[in-house]
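Data file: my_file-v7.txt. Format and content: compact mmCIF, C-alpha atoms and all ligand atoms.
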```txt
# COMPACT_ATOMS: atom_id res chain seq x y z
CA MET F 1 0.00 0.00 0.00
CA LYS F 2 1.23 3.49 -0.87
CA ILE F 3 0.27 6.56 1.16
CA LEU F 4 1.21 9.99 -0.18
CA THR F 5 1.57 12.84 2.31
CA VAL F 6 1.33 16.48 1.21
CA ILE F 7 2.94 19.03 3.53
CA GLY F 8 4.41 22.48 3.02
CA ALA F 9 4.13 24.76 6.05
CA ARG F 10 5.82 24.71 9.47
CA PRO F 11 2.95 23.30 11.57
CA GLN F 12 2.45 20.51 9.03
CA PHE F 13 6.01 19.27 9.46
CA ILE F 14 5.42 18.98 13.19
CA LYS F 15 2.08 17.20 12.76
CA ALA F 16 3.46 14.86 10.10
CA ALA F 17 6.46 13.90 12.27
CA SER F 18 4.23 11.90 14.63
CA VAL F 19 2.11 10.27 11.95
CA SER F 20 5.10 9.40 9.71
CA ARG F 21 6.76 7.68 12.67
CA GLN F 22 3.66 5.52 13.07
CA ILE F 23 3.39 4.81 9.34
CA ASP F 24 6.98 3.63 9.38
CA LEU F 25 6.09 1.03 12.03
CA ARG F 26 3.44 -0.59 9.80
CA ASP F 27 4.30 -3.50 7.53
CA GLY F 28 3.65 -3.30 3.81
CA VAL F 29 3.15 0.49 3.71
CA THR F 30 5.27 2.98 1.78
CA GLU F 31 4.99 6.67 2.52
CA ILE F 32 5.80 9.18 -0.22
CA ILE F 33 6.31 12.72 1.06
CA VAL F 34 5.54 15.73 -1.12
CA HIS F 35 6.78 19.11 0.18
CA THR F 36 5.07 21.92 -1.71
CA GLY F 37 7.72 24.48 -0.72
CA GLN F 38 5.15 26.86 0.80
CA HIS F 39 7.62 27.44 3.64
CA TYR F 40 11.18 27.34 2.41
CA ASP F 41 13.60 29.18 4.72
CA ALA F 42 15.90 26.76 6.55
CA ASN F 43 14.43 27.80 9.92
CA MET F 44 10.85 27.38 8.63
CA SER F 45 11.40 24.01 6.95
CA ASP F 46 14.71 22.06 6.91
CA ILE F 47 15.28 22.33 10.63
CA PHE F 48 12.11 20.34 11.37
CA PHE F 49 13.03 17.51 9.02
CA GLU F 50 16.42 17.26 10.71
CA GLU F 51 15.47 17.53 14.37
CA LEU F 52 12.21 15.54 14.18
CA SER F 53 13.66 12.86 11.89
CA ILE F 54 10.95 13.30 9.28
CA PRO F 55 11.87 11.35 6.14
CA ARG F 56 13.30 13.62 3.42
CA PRO F 57 10.63 14.65 0.90
CA ASP F 58 10.49 12.44 -2.19
CA HIS F 59 9.20 15.43 -4.16
CA TYR F 60 10.00 19.08 -3.47
CA LEU F 61 7.80 21.37 -5.54
CA GLY F 62 9.37 24.71 -4.63
CA ILE F 63 6.07 26.64 -4.71
CA GLY F 64 5.93 29.31 -2.00
CA GLY F 65 4.99 33.00 -1.93
CA GLY F 66 2.58 34.83 -4.21
CA SER F 67 -1.16 35.38 -3.89
CA HIS F 68 -3.49 32.70 -2.55
CA GLY F 69 -4.86 31.85 -5.99
CA ALA F 70 -1.45 31.70 -7.62
CA MET F 71 0.11 29.60 -4.84
CA THR F 72 -2.79 27.18 -4.55
CA GLY F 73 -3.20 26.87 -8.32
CA ARG F 74 0.47 26.18 -8.97
CA GLN F 75 0.58 23.66 -6.15
CA LEU F 76 -2.57 21.93 -7.45
CA GLU F 77 -1.06 21.50 -10.89
CA ALA F 78 2.28 20.24 -9.58
CA ILE F 79 0.71 17.82 -7.07
CA GLU F 80 -1.52 16.39 -9.80
CA THR F 81 1.57 15.56 -11.85
CA VAL F 82 3.13 13.77 -8.87
CA LEU F 83 -0.09 11.85 -8.16
CA LEU F 84 -0.35 10.68 -11.77
CA ASP F 85 3.20 9.44 -11.54
CA GLU F 86 3.07 7.88 -8.03
CA ARG F 87 -0.51 6.49 -8.15
CA PRO F 88 -0.93 6.31 -4.34
CA ASP F 89 -3.78 4.45 -2.64
CA ILE F 90 -4.54 7.42 -0.40
CA VAL F 91 -3.46 11.04 0.07
CA LEU F 92 -2.89 12.46 3.56
CA VAL F 93 -3.22 16.20 4.21
CA TYR F 94 -2.91 18.24 7.41
CA GLY F 95 -4.53 21.36 8.80
CA ASP F 96 -5.71 24.33 6.80
CA THR F 97 -3.00 25.86 4.62
CA ASN F 98 -3.01 26.41 0.88
CA SER F 99 -0.91 23.24 0.59
CA THR F 100 -3.69 21.29 2.36
CA LEU F 101 -6.34 22.45 -0.07
CA ALA F 102 -4.15 21.92 -3.13
CA GLY F 103 -3.33 18.35 -2.02
CA ALA F 104 -6.96 17.47 -1.29
CA LEU F 105 -8.28 18.95 -4.54
CA ALA F 106 -5.63 17.31 -6.70
CA ALA F 107 -6.39 13.91 -5.16
CA VAL F 108 -10.18 14.03 -5.12
CA LYS F 109 -10.29 14.98 -8.80
CA LEU F 110 -8.23 11.89 -9.59
CA HIS F 111 -10.60 9.77 -7.44
CA ILE F 112 -7.87 9.05 -4.92
CA PRO F 113 -9.21 8.85 -1.32
CA VAL F 114 -8.23 11.80 0.85
CA ALA F 115 -7.55 11.69 4.60
CA HIS F 116 -7.64 15.02 6.43
CA VAL F 117 -5.88 15.28 9.77
CA GLU F 118 -7.27 18.09 11.96
CA ALA F 119 -10.64 18.03 10.24
CA GLY F 120 -13.70 19.96 11.42
CA LEU F 121 -12.04 23.02 12.94
CA ARG F 122 -14.03 26.20 12.33
CA SER F 123 -13.54 29.83 13.33
CA PHE F 124 -16.76 30.84 11.50
CA ASN F 125 -14.79 33.73 10.06
CA ARG F 126 -14.84 33.26 6.31
CA ARG F 127 -12.41 36.12 5.77
CA MET F 128 -9.65 33.88 7.10
CA PRO F 129 -7.97 32.04 4.23
CA GLU F 130 -7.59 29.05 6.56
CA GLU F 131 -11.37 28.81 7.11
CA ILE F 132 -12.01 28.42 3.38
CA ASN F 133 -9.18 25.87 3.10
CA ARG F 134 -10.60 23.79 5.96
CA ILE F 135 -14.19 23.75 4.75
CA LEU F 136 -13.26 22.80 1.19
CA THR F 137 -10.75 20.18 2.31
CA ASP F 138 -13.24 18.54 4.67
CA HIS F 139 -15.85 18.36 1.94
CA ALA F 140 -13.35 16.76 -0.45
CA SER F 141 -12.15 14.15 2.08
CA ASP F 142 -13.05 10.52 2.71
CA PHE F 143 -11.42 10.24 6.13
CA LEU F 144 -12.05 13.12 8.50
CA PHE F 145 -9.79 12.87 11.53
CA ALA F 146 -11.27 15.21 14.12
CA PRO F 147 -9.23 16.33 17.13
CA THR F 148 -12.22 17.31 19.30
CA GLU F 149 -15.94 16.71 19.86
CA THR F 150 -16.52 20.28 18.70
CA ALA F 151 -14.85 19.47 15.38
CA VAL F 152 -17.12 16.42 15.00
CA ALA F 153 -20.20 18.54 15.70
CA ASN F 154 -19.11 21.21 13.22
CA MET F 155 -18.82 18.64 10.44
CA ARG F 156 -22.13 16.96 11.30
CA ALA F 157 -23.78 20.41 11.17
CA GLU F 158 -22.46 20.80 7.61
CA GLY F 159 -23.99 17.48 6.62
CA LEU F 160 -20.76 15.50 6.40
CA SER F 161 -21.42 11.81 6.78
CA ALA F 162 -20.87 10.28 10.24
CA GLY F 163 -19.19 7.27 8.60
CA LYS F 164 -16.30 9.45 7.41
CA ILE F 165 -15.70 11.19 10.74
CA HIS F 166 -13.30 9.73 13.31
CA LEU F 167 -12.61 11.36 16.65
CA VAL F 168 -8.94 10.59 17.24
CA GLY F 169 -7.57 13.42 19.37
CA ASP F 170 -4.84 15.79 18.29
CA VAL F 171 -1.56 14.76 16.70
CA MET F 172 0.07 17.86 18.19
CA CYS F 173 -0.61 16.34 21.60
CA ASP F 174 1.34 13.26 20.45
CA ALA F 175 4.24 15.53 19.46
CA ALA F 176 4.11 17.52 22.69
CA ILE F 177 4.36 14.34 24.76
CA PHE F 178 6.96 12.64 22.56
CA TYR F 179 9.36 15.59 22.30
CA LYS F 180 8.94 17.27 25.67
CA ASP F 181 11.98 15.62 27.26
CA LYS F 182 14.10 16.26 24.16
CA ALA F 183 13.63 20.05 24.27
CA TYR F 184 16.60 22.35 24.84
CA PRO F 185 17.17 26.12 25.12
CA PRO F 186 18.14 28.18 22.08
CA ALA F 187 21.87 28.95 21.95
CA TRP F 188 21.23 32.68 22.50
CA PHE F 189 19.11 32.20 25.63
CA ARG F 190 21.91 32.12 28.18
CA GLU F 191 23.39 35.45 26.97
CA SER F 192 20.00 37.11 26.55
CA GLY F 193 19.81 38.24 30.16
CA VAL F 194 16.31 36.77 30.38
CA GLU F 195 15.58 34.52 33.35
CA GLN F 196 14.02 31.09 33.03
CA GLY F 197 10.35 31.24 34.06
CA ALA F 198 10.29 35.05 33.93
CA PHE F 199 9.47 35.86 30.32
CA VAL F 200 6.45 35.97 28.06
CA LEU F 201 6.74 33.87 24.91
CA ALA F 202 4.86 35.51 22.03
CA THR F 203 4.22 34.65 18.39
CA VAL F 204 2.29 36.68 15.81
CA HIS F 205 1.85 35.65 12.19
CA ARG F 206 -1.85 35.58 11.22
CA ALA F 207 -2.53 37.57 8.08
CA GLU F 208 -5.40 39.46 9.77
CA ASN F 209 -2.96 40.71 12.42
CA THR F 210 0.22 41.26 10.44
CA ASP F 211 -1.28 42.78 7.29
CA ASP F 212 -3.23 45.45 9.18
CA PRO F 213 -0.81 48.08 10.56
CA ARG F 214 -3.31 49.17 13.22
CA ARG F 215 -3.72 45.65 14.59
CA LEU F 216 -0.02 44.86 14.39
CA ARG F 217 0.89 48.07 16.27
CA ALA F 218 -1.79 47.45 18.92
CA ILE F 219 -0.51 43.91 19.54
CA LEU F 220 3.13 44.96 19.82
CA ASP F 221 2.21 47.92 22.06
CA GLY F 222 0.05 45.67 24.25
CA LEU F 223 2.82 43.09 24.63
CA ALA F 224 5.30 45.78 25.62
CA THR F 225 3.23 46.49 28.76
CA ALA F 226 4.15 43.11 30.28
CA LYS F 227 6.15 43.23 33.49
CA HIS F 228 8.37 40.45 32.13
CA PRO F 229 10.51 40.70 29.00
CA VAL F 230 8.80 39.27 25.92
CA ILE F 231 10.56 36.82 23.58
CA LEU F 232 9.11 36.98 20.07
CA PRO F 233 10.44 34.56 17.44
CA TRP F 234 9.16 36.36 14.39
CA HIS F 235 7.65 34.69 11.38
CA PRO F 236 8.93 35.98 7.99
CA ARG F 237 5.51 37.51 7.30
CA THR F 238 5.66 39.55 10.52
CA GLN F 239 9.25 40.54 9.92
CA ALA F 240 8.35 41.87 6.46
CA ARG F 241 5.31 43.80 7.68
CA VAL F 242 7.04 45.42 10.67
CA LYS F 243 9.66 46.73 8.26
CA GLN F 244 7.10 47.74 5.61
CA PHE F 245 4.95 49.69 8.11
CA GLY F 246 8.01 51.24 9.79
CA ILE F 247 6.95 50.03 13.25
CA ASP F 248 9.44 50.65 16.06
CA VAL F 249 9.34 47.64 18.33
CA ASP F 250 9.79 48.39 22.05
CA PRO F 251 13.15 47.01 23.29
CA LYS F 252 11.22 45.10 25.97
CA ILE F 253 10.24 42.77 23.14
CA LYS F 254 13.26 40.65 22.24
CA ILE F 255 12.87 39.76 18.62
CA VAL F 256 14.59 36.57 17.48
CA GLU F 257 14.56 34.52 14.30
CA PRO F 258 12.13 31.57 14.16
CA VAL F 259 13.41 28.73 16.34
CA GLY F 260 13.29 24.96 15.87
CA TYR F 261 10.50 22.92 17.45
CA LEU F 262 12.66 21.53 20.26
CA GLU F 263 13.80 25.04 21.18
CA MET F 264 10.23 26.28 20.93
CA VAL F 265 9.01 23.59 23.32
CA TRP F 266 11.77 24.60 25.75
CA LEU F 267 10.70 28.26 25.51
CA GLU F 268 7.06 27.27 26.03
CA THR F 269 7.76 25.12 29.06
CA ASN F 270 10.08 27.73 30.59
CA SER F 271 7.92 30.81 29.95
CA ALA F 272 5.77 32.53 32.57
CA PHE F 273 2.91 32.44 30.07
CA ILE F 274 2.29 32.65 26.33
CA ALA F 275 0.66 35.20 24.02
CA THR F 276 -0.02 34.05 20.46
CA ASP F 277 -2.25 34.08 17.40
CA SER F 278 -0.95 30.64 16.35
CA GLY F 279 -3.33 27.68 16.35
CA GLY F 280 -0.61 25.23 17.30
CA VAL F 281 0.96 27.36 20.01
CA GLN F 282 -2.44 27.89 21.71
CA LYS F 283 -2.70 24.15 22.23
CA GLU F 284 0.93 23.70 23.15
CA ALA F 285 0.46 26.24 25.94
CA TYR F 286 -2.20 23.92 27.33
CA PHE F 287 -0.14 20.77 26.80
CA HIS F 288 2.70 22.37 28.75
CA ASN F 289 0.46 23.80 31.46
CA LYS F 290 0.84 27.46 30.56
CA TYR F 291 -1.79 30.15 30.50
CA CYS F 292 -2.31 31.58 27.02
CA ILE F 293 -3.51 34.93 25.77
CA ILE F 294 -4.90 34.60 22.25
CA LEU F 295 -4.21 37.58 20.02
CA ARG F 296 -7.29 36.97 17.88
CA ASP F 297 -10.99 37.82 17.85
CA GLU F 298 -12.10 34.19 17.70
CA THR F 299 -10.56 30.75 17.94
CA GLU F 300 -11.18 27.27 16.57
CA TRP F 301 -9.93 25.75 19.84
CA ILE F 302 -12.92 26.81 21.90
CA GLU F 303 -12.48 24.11 24.56
CA LEU F 304 -9.55 26.07 25.92
CA THR F 305 -11.32 29.40 26.18
CA LYS F 306 -14.43 27.70 27.61
CA ASN F 307 -12.55 26.14 30.49
CA GLY F 308 -10.45 29.22 31.21
CA CYS F 309 -7.02 27.98 30.08
CA ASN F 310 -6.85 30.58 27.31
CA VAL F 311 -8.38 34.02 26.92
CA LEU F 312 -9.26 35.88 23.71
CA VAL F 313 -8.04 39.47 23.61
CA GLY F 314 -8.04 40.29 19.89
CA ALA F 315 -5.69 43.04 18.77
CA ASP F 316 -6.86 45.40 21.51
CA ARG F 317 -3.95 47.05 23.34
CA LYS F 318 -5.93 47.55 26.57
CA LYS F 319 -7.31 43.99 26.66
CA ILE F 320 -3.86 42.56 25.96
CA SER F 321 -2.35 44.71 28.65
CA TYR F 322 -5.05 43.74 31.19
CA ALA F 323 -4.71 40.02 30.38
CA ILE F 324 -0.96 39.97 30.73
CA GLN F 325 -1.09 41.65 34.14
CA ASN F 326 -3.97 39.47 35.38
CA TYR F 327 -3.53 35.96 34.12
CA ASP F 328 -5.03 33.09 36.05
CA ILE F 329 -3.40 29.68 35.97
CA SER F 330 -5.81 27.96 38.33
CA ASN F 331 -7.86 26.18 35.67
CA LEU F 332 -5.22 24.29 33.75
CA HIS F 333 -5.37 20.69 32.90
CA ASN F 334 -7.18 17.65 31.68
CA ASN F 335 -7.04 15.60 28.49
CA ILE F 336 -9.08 17.59 25.99
CA TYR F 337 -6.95 16.56 23.03
CA GLY F 338 -6.44 12.87 23.66
CA TYR F 339 -3.66 10.89 25.23
CA GLY F 340 -0.80 11.09 22.75
CA ASN F 341 -1.98 8.15 20.62
CA SER F 342 -3.82 10.04 17.86
CA SER F 343 -1.26 9.17 15.17
CA SER F 344 -1.55 5.51 16.00
CA LEU F 345 -5.37 5.66 15.86
CA ILE F 346 -5.20 7.40 12.47
CA CYS F 347 -2.98 4.62 11.08
CA ASP F 348 -5.25 1.91 12.54
CA ILE F 349 -8.27 3.44 10.82
CA ILE F 350 -6.60 4.07 7.46
CA PHE F 351 -4.81 0.73 7.20
CA GLY F 352 -7.77 -1.17 8.59
CA THR F 353 -10.03 0.24 5.87
CA ILE F 354 -8.03 0.66 2.65
C1 LIG J 401 0.71 29.93 6.36
C2 LIG J 401 -0.73 29.43 6.44
C3 LIG J 401 -1.25 29.61 7.84
C4 LIG J 401 -0.33 28.97 8.86
C5 LIG J 401 1.09 29.45 8.66
C6 LIG J 401 2.01 28.66 9.57
C7 LIG J 401 -2.06 29.68 4.39
C8 LIG J 401 -3.12 30.47 3.74
N1 LIG J 401 -1.59 30.19 5.53
O1 LIG J 401 0.70 31.31 6.62
O2 LIG J 401 -2.53 29.03 7.96
O3 LIG J 401 -0.77 29.30 10.15
O4 LIG J 401 1.50 29.22 7.30
O5 LIG J 401 3.20 29.33 9.80
O6 LIG J 401 -1.68 28.66 3.90
N2 LIG J 401 7.86 33.34 3.72
C9 LIG J 401 9.21 33.41 3.75
N3 LIG J 401 9.91 32.30 4.11
C10 LIG J 401 9.32 31.13 4.45
C11 LIG J 401 7.93 31.09 4.46
C12 LIG J 401 7.20 32.19 4.08
O7 LIG J 401 9.81 34.44 3.43
O8 LIG J 401 10.02 30.15 4.75
C13 LIG J 401 7.08 34.49 3.27
C14 LIG J 401 6.33 34.14 1.97
O9 LIG J 401 7.09 34.37 0.86
C15 LIG J 401 5.10 35.00 2.07
C16 LIG J 401 4.90 35.18 3.56
O10 LIG J 401 6.08 34.78 4.22
O11 LIG J 401 5.33 36.23 1.49
C17 LIG J 401 3.73 34.39 4.06
O12 LIG J 401 3.88 33.00 3.76
P1 LIG J 401 2.59 32.10 3.41
O13 LIG J 401 3.00 30.69 3.34
O14 LIG J 401 1.86 32.68 2.25
O15 LIG J 401 1.63 32.33 4.64
P2 LIG J 401 1.90 32.22 6.18
O16 LIG J 401 1.62 33.55 6.79
O17 LIG J 401 3.20 31.58 6.44
N1 LIG J 402 7.03 26.91 16.13
C1 LIG J 402 8.39 26.66 16.04
N2 LIG J 402 9.25 27.74 16.00
C2 LIG J 402 8.80 29.02 16.05
C3 LIG J 402 7.40 29.26 16.15
C4 LIG J 402 6.55 28.17 16.16
O1 LIG J 402 8.82 25.50 16.01
O2 LIG J 402 9.64 29.95 15.99
C5 LIG J 402 6.12 25.75 16.16
C6 LIG J 402 5.16 25.74 17.31
O3 LIG J 402 5.76 25.15 18.46
C7 LIG J 402 4.01 24.91 16.76
C8 LIG J 402 3.99 25.28 15.29
O4 LIG J 402 5.28 25.83 15.02
O5 LIG J 402 4.28 23.52 16.87
C9 LIG J 402 2.93 26.29 15.02
O6 LIG J 402 3.09 26.79 13.76
P1 LIG J 402 2.57 28.24 13.33
O7 LIG J 402 2.38 29.08 14.52
O8 LIG J 402 3.49 28.71 12.27
O9 LIG J 402 1.20 27.90 12.60
P2 LIG J 402 -0.29 27.60 13.07
O10 LIG J 402 -0.26 26.54 14.12
O11 LIG J 402 -0.88 28.88 13.54
O12 LIG J 402 -0.97 27.16 11.82
```
Could I get this structure in the form of C-alpha cells?
Ligand code: UD1
Ligand code: UDP
Amino acid sequence: MKILTVIGARPQFIKAASVSRQIDLRDGVTEIIVHTGQHYDANMSDIFFEELSIPRPDHYLGIGGGSHGAMTGRQLEAIETVLLDERPDIVLVYGDTNSTLAGALAAVKLHIPVAHVEAGLRSFNRRMPEEINRILTDHASDFLFAPTETAVANMRAEGLSAGKIHLVGDVMCDAAIFYKDKAYPPAWFRESGVEQGAFVLATVHRAENTDDPRRLRAILDGLATAKHPVILPWHPRTQARVKQFGIDVDPKIKIVEPVGYLEMVWLETNSAFIATDSGGVQKEAYFHNKYCIILRDETEWIELTKNGCNVLVGADRKKISYAIQNYDISNLHNNIYGYGNSSSLICDIIFGTI
C-alpha cells in the first residue's frame, strides 16, 4: 500500500512527524512525502526535518509565496503531476493551509481517497484564508480525523457523513508528549539576560494581524506592557510587515529569528505564560500547562477558552495589557486533546479500511 503525504508549512512538518513515525512502524506500507515548498527558509522548513527525523521529501515542488490563488493553483497542478506518476492508494493532508487544499483537490479529482488530519475546525470567520481551506478540504475528504468533539459537531452540522468522521484526538498532543523531554534552550538564551520562568513567549503571524498596521501596532504595544521581557520569534511575514509599516518595536520585546521545534518547546515550558495568534501554540500552551492569551478575535480551539485555560483578547492594546497583568493559571489541565496516541489511531483506521 502506498500513502502519499502532502505538507508544506511549518505546523504541518510537526504534525506529520508523529504520523510518519507511526506509518513507518506498519508493515507493507510505503509513505511518499511531497513538500510543496510553501515554507522554504531553513528555519521554517529544513530544521524540522532534521530535528524531528521526518523522512526527506520524495518530491520538493518549490512553490511558496505569491497570492493565494497563484500559490494554490500552482501547487494543485504540480501535485496532480506527482499523483499521476506515483498512483498512491490514499493522500494524507494536514490542517488548513493552501498546501492542504491543493493536495486534497488534486487527489479528489483523480478519485484518490483523501484523509484530512485536523478536520472539522471552524472559526466561522470566512475572511480567514484558513477557514475556506478547511471547509473545502473537509468536503473533499473521505477520512475526517477530528481532534475534538466540537470538530465532530461542526462537520455533522455541515452534513458530512458520520461514517467518514473519526474522533482521534490531536496529533500535536502526540508531538508535545513525545518531544517534551528532548527540548533544549536556544543557543542565544543564556546570553539574553532573560531569566528562566520570567518571560512571556509571544508569536504573531496571522494575516489578519500582520497585514493590518493598526492591529499589528496594537498587539506589539500591548505586549510591551508586560512586566516580564517578551521573547518573540518572528515569522517571515511579521518581519516583512514590521519593516514595511516602519513600526518601532519596544526594546522590551526581544525579537529573534524563528526557532526549531525543540527550542520552541523549551521556551514554552520555561515561559511565565504565552501570548499568540498561532493555532498550534495555543494548544501547546495547554499541553505544557501554561496560561495563554490569544491575540485573535475568535478561535477554533474553543475548549480552551471555555474552560479558562486561554483568553481571547483580539488586537486590543488595553485587553492585551489587562490580560498579561492578570492571568489566572488555576484552571489548567485535563485531556481535551487525547492521550498522545492520535497518530496511531489514524494509522489503525486508514490501514484497517483501505
Ligand atoms: C501559512 C498558512 C497559515 C499557517 C502558517 C504557519 C495559508 C493560507 N496560511 O501562513 O494558515 O498558520 O502558514 O506558519 O496557507 N515566507 C518566507 N519564508 C518562508 C515562508 C514564508 O519568506 O520560509 C514568506 C512568503 O514568501 C510570504 C509570507 O512569508 O510572502 C507568508 O507566507 P505564506 O506561506 O503565504 O503564509 P503564512 O503567513 O506563512
Ligand atoms: N514553532 C516553532 N518555531 C517558532 C514558532 C513556532 O517551532 O519559531 C512551532 C510551534 O511550536 C508549533 C507550530 O510551530 O508547533 C505552530 O506553527 P505556526 O504558529 O506557524 O502555525 P499555526 O499553528 O498557527 O498554523
Shell of 12 Å around segment 129-131 of chain F, all atoms listed in the file, local chain residues under 2 positions omitted, as a PyMOL selection string: chain F and resi 67-69+72+94-101+119-127+133-138+206-208+278-279+298-300
Best match for closeness to Val6 of chain F among F:Gly308, F:Gly103, F:Pro251, F:Gly73, counting only C-alpha atoms: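 Using only C-alpha atoms, Val6 of chain F sits closest to F:Gly103.
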Radius query 8 Å about (2.1, 14.7, 16.9), atoms used: all atoms listed in the file, as a list of chain:residue names: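 Residues close enough to count: F:Ile14, F:Lys15, F:Ala16, F:Ala17, F:Ser18, F:Val19, F:Asp170, F:Val171, F:Met172, F:Cys173, F:Asp174, F:Ala175, F:Ala176, F:Phe178, F:Gly340, F:Ser342, F:Ser343.
If you look at atom CA of Gly65 of chain F and atom O6 of ligand LIG 401 (chain J), they are 9.9 Å away from each other.
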Surroundings of ligand LIG 402 (chain J) up to 10 Å, based on all atoms listed in the file, as a count of residues only: 54
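Distance-wise, atom O16 of ligand LIG 401 (chain J) and atom CA of Thr210 of chain F end up 8.6 Å apart.
Distance-wise, atom CA of Ile255 of chain F and atom CA of Met128 of chain F end up 26.0 Å apart.
Considering all atoms listed in the file, the residue among F:Arg56, F:Lys318, F:Lys180, F:Lys164 positioned nearest to Ile350 of chain F is F:Lys164.
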Counting all atoms listed in the file, the option among F:Glu50, F:Gln239, F:Arg26, F:Ala157 closest to ligand LIG 401 (chain J): F:Gln239
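If you measure from each of F:Pro229, F:Gly62, F:Pro88, F:Gly197 to Val29 of chain F using all atoms listed in the file, the closest one turns out to be F:Pro88.
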Could the residues of segment 244-311 of chain F that have an atom at most 9 Å from segment 141-156 of chain F be listed as a tab-separated table, each with its closest atom pair and the distance in Å to one decimal, counting only C-alpha atoms and ordered by chain and ascending residue number?
```
residue	atom	partner	partner_atom	distance
F:Glu300	CA	F:Ala151	CA	8.7
F:Trp301	CA	F:Thr150	CA	8.6
F:Ile302	CA	F:Thr150	CA	8.1
F:Glu303	CA	F:Thr150	CA	8.1
```
Minimum-distance residue to ligand LIG 401 (chain J), chosen among F:Ala107, F:Ile165, F:Ala240, F:Val194 (using all atoms listed in the file):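 So, comparing all the options, the nearest one is F:Ala240.
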Counting all atoms listed in the file, the option among F:Ile349, F:Leu160, F:Ile63, F:Leu4 closest to Val34 of chain F: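 Under the stated criterion, the closest residue is F:Leu4.
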Neighbour list for Ile247 of chain F as a list of chain:residue names, cut-off 12 Å, all atoms listed in the file, skip fewer than 4 positions in-chain: F:Thr210, F:Asp212, F:Pro213, F:Arg214, F:Arg215, F:Leu216, F:Arg217, F:Ala218, F:Ile219, F:Leu220, F:Asp221, F:Thr238, F:Gln239, F:Ala240, F:Arg241, F:Val242, F:Lys243
Could you write those residues out with C-alpha atoms, as a PDB file, keeping the file's coordinate frame?
```pdb
ATOM      1  CA  THR F 210       0.220  41.260  10.440  1.00  0.00           C
ATOM      2  CA  ASP F 212      -3.230  45.450   9.180  1.00  0.00           C
ATOM      3  CA  PRO F 213      -0.810  48.080  10.560  1.00  0.00           C
ATOM      4  CA  ARG F 214      -3.310  49.170  13.220  1.00  0.00           C
ATOM      5  CA  ARG F 215      -3.720  45.650  14.590  1.00  0.00           C
ATOM      6  CA  LEU F 216      -0.020  44.860  14.390  1.00  0.00           C
ATOM      7  CA  ARG F 217       0.890  48.070  16.270  1.00  0.00           C
ATOM      8  CA  ALA F 218      -1.790  47.450  18.920  1.00  0.00           C
ATOM      9  CA  ILE F 219      -0.510  43.910  19.540  1.00  0.00           C
ATOM     10  CA  LEU F 220       3.130  44.960  19.820  1.00  0.00           C
ATOM     11  CA  ASP F 221       2.210  47.920  22.060  1.00  0.00           C
ATOM     12  CA  THR F 238       5.660  39.550  10.520  1.00  0.00           C
ATOM     13  CA  GLN F 239       9.250  40.540   9.920  1.00  0.00           C
ATOM     14  CA  ALA F 240       8.350  41.870   6.460  1.00  0.00           C
ATOM     15  CA  ARG F 241       5.310  43.800   7.680  1.00  0.00           C
ATOM     16  CA  VAL F 242       7.040  45.420  10.670  1.00  0.00           C
ATOM     17  CA  LYS F 243       9.660  46.730   8.260  1.00  0.00           C
TER      18      LYS F 243
END
```
Just the residues within 12 Å of Thr81 of chain F, please, counting only C-alpha atoms, with nothing from its chain fewer than 3 positions along; format it as a PDB file with C-alpha atoms, keeping the file's coordinate frame.
```
ATOM      1  CA  VAL F  34       5.540  15.730  -1.120  1.00  0.00           C
ATOM      2  CA  HIS F  59       9.200  15.430  -4.160  1.00  0.00           C
ATOM      3  CA  LEU F  61       7.800  21.370  -5.540  1.00  0.00           C
ATOM      4  CA  ARG F  74       0.470  26.180  -8.970  1.00  0.00           C
ATOM      5  CA  GLN F  75       0.580  23.660  -6.150  1.00  0.00           C
ATOM      6  CA  LEU F  76      -2.570  21.930  -7.450  1.00  0.00           C
ATOM      7  CA  GLU F  77      -1.060  21.500 -10.890  1.00  0.00           C
ATOM      8  CA  ALA F  78       2.280  20.240  -9.580  1.00  0.00           C
ATOM      9  CA  LEU F  84      -0.350  10.680 -11.770  1.00  0.00           C
ATOM     10  CA  ASP F  85       3.200   9.440 -11.540  1.00  0.00           C
ATOM     11  CA  GLU F  86       3.070   7.880  -8.030  1.00  0.00           C
ATOM     12  CA  ARG F  87      -0.510   6.490  -8.150  1.00  0.00           C
ATOM     13  CA  GLY F 103      -3.330  18.350  -2.020  1.00  0.00           C
ATOM     14  CA  ALA F 106      -5.630  17.310  -6.700  1.00  0.00           C
ATOM     15  CA  ALA F 107      -6.390  13.910  -5.160  1.00  0.00           C
ATOM     16  CA  LEU F 110      -8.230  11.890  -9.590  1.00  0.00           C
TER      17      LEU F 110
END
```
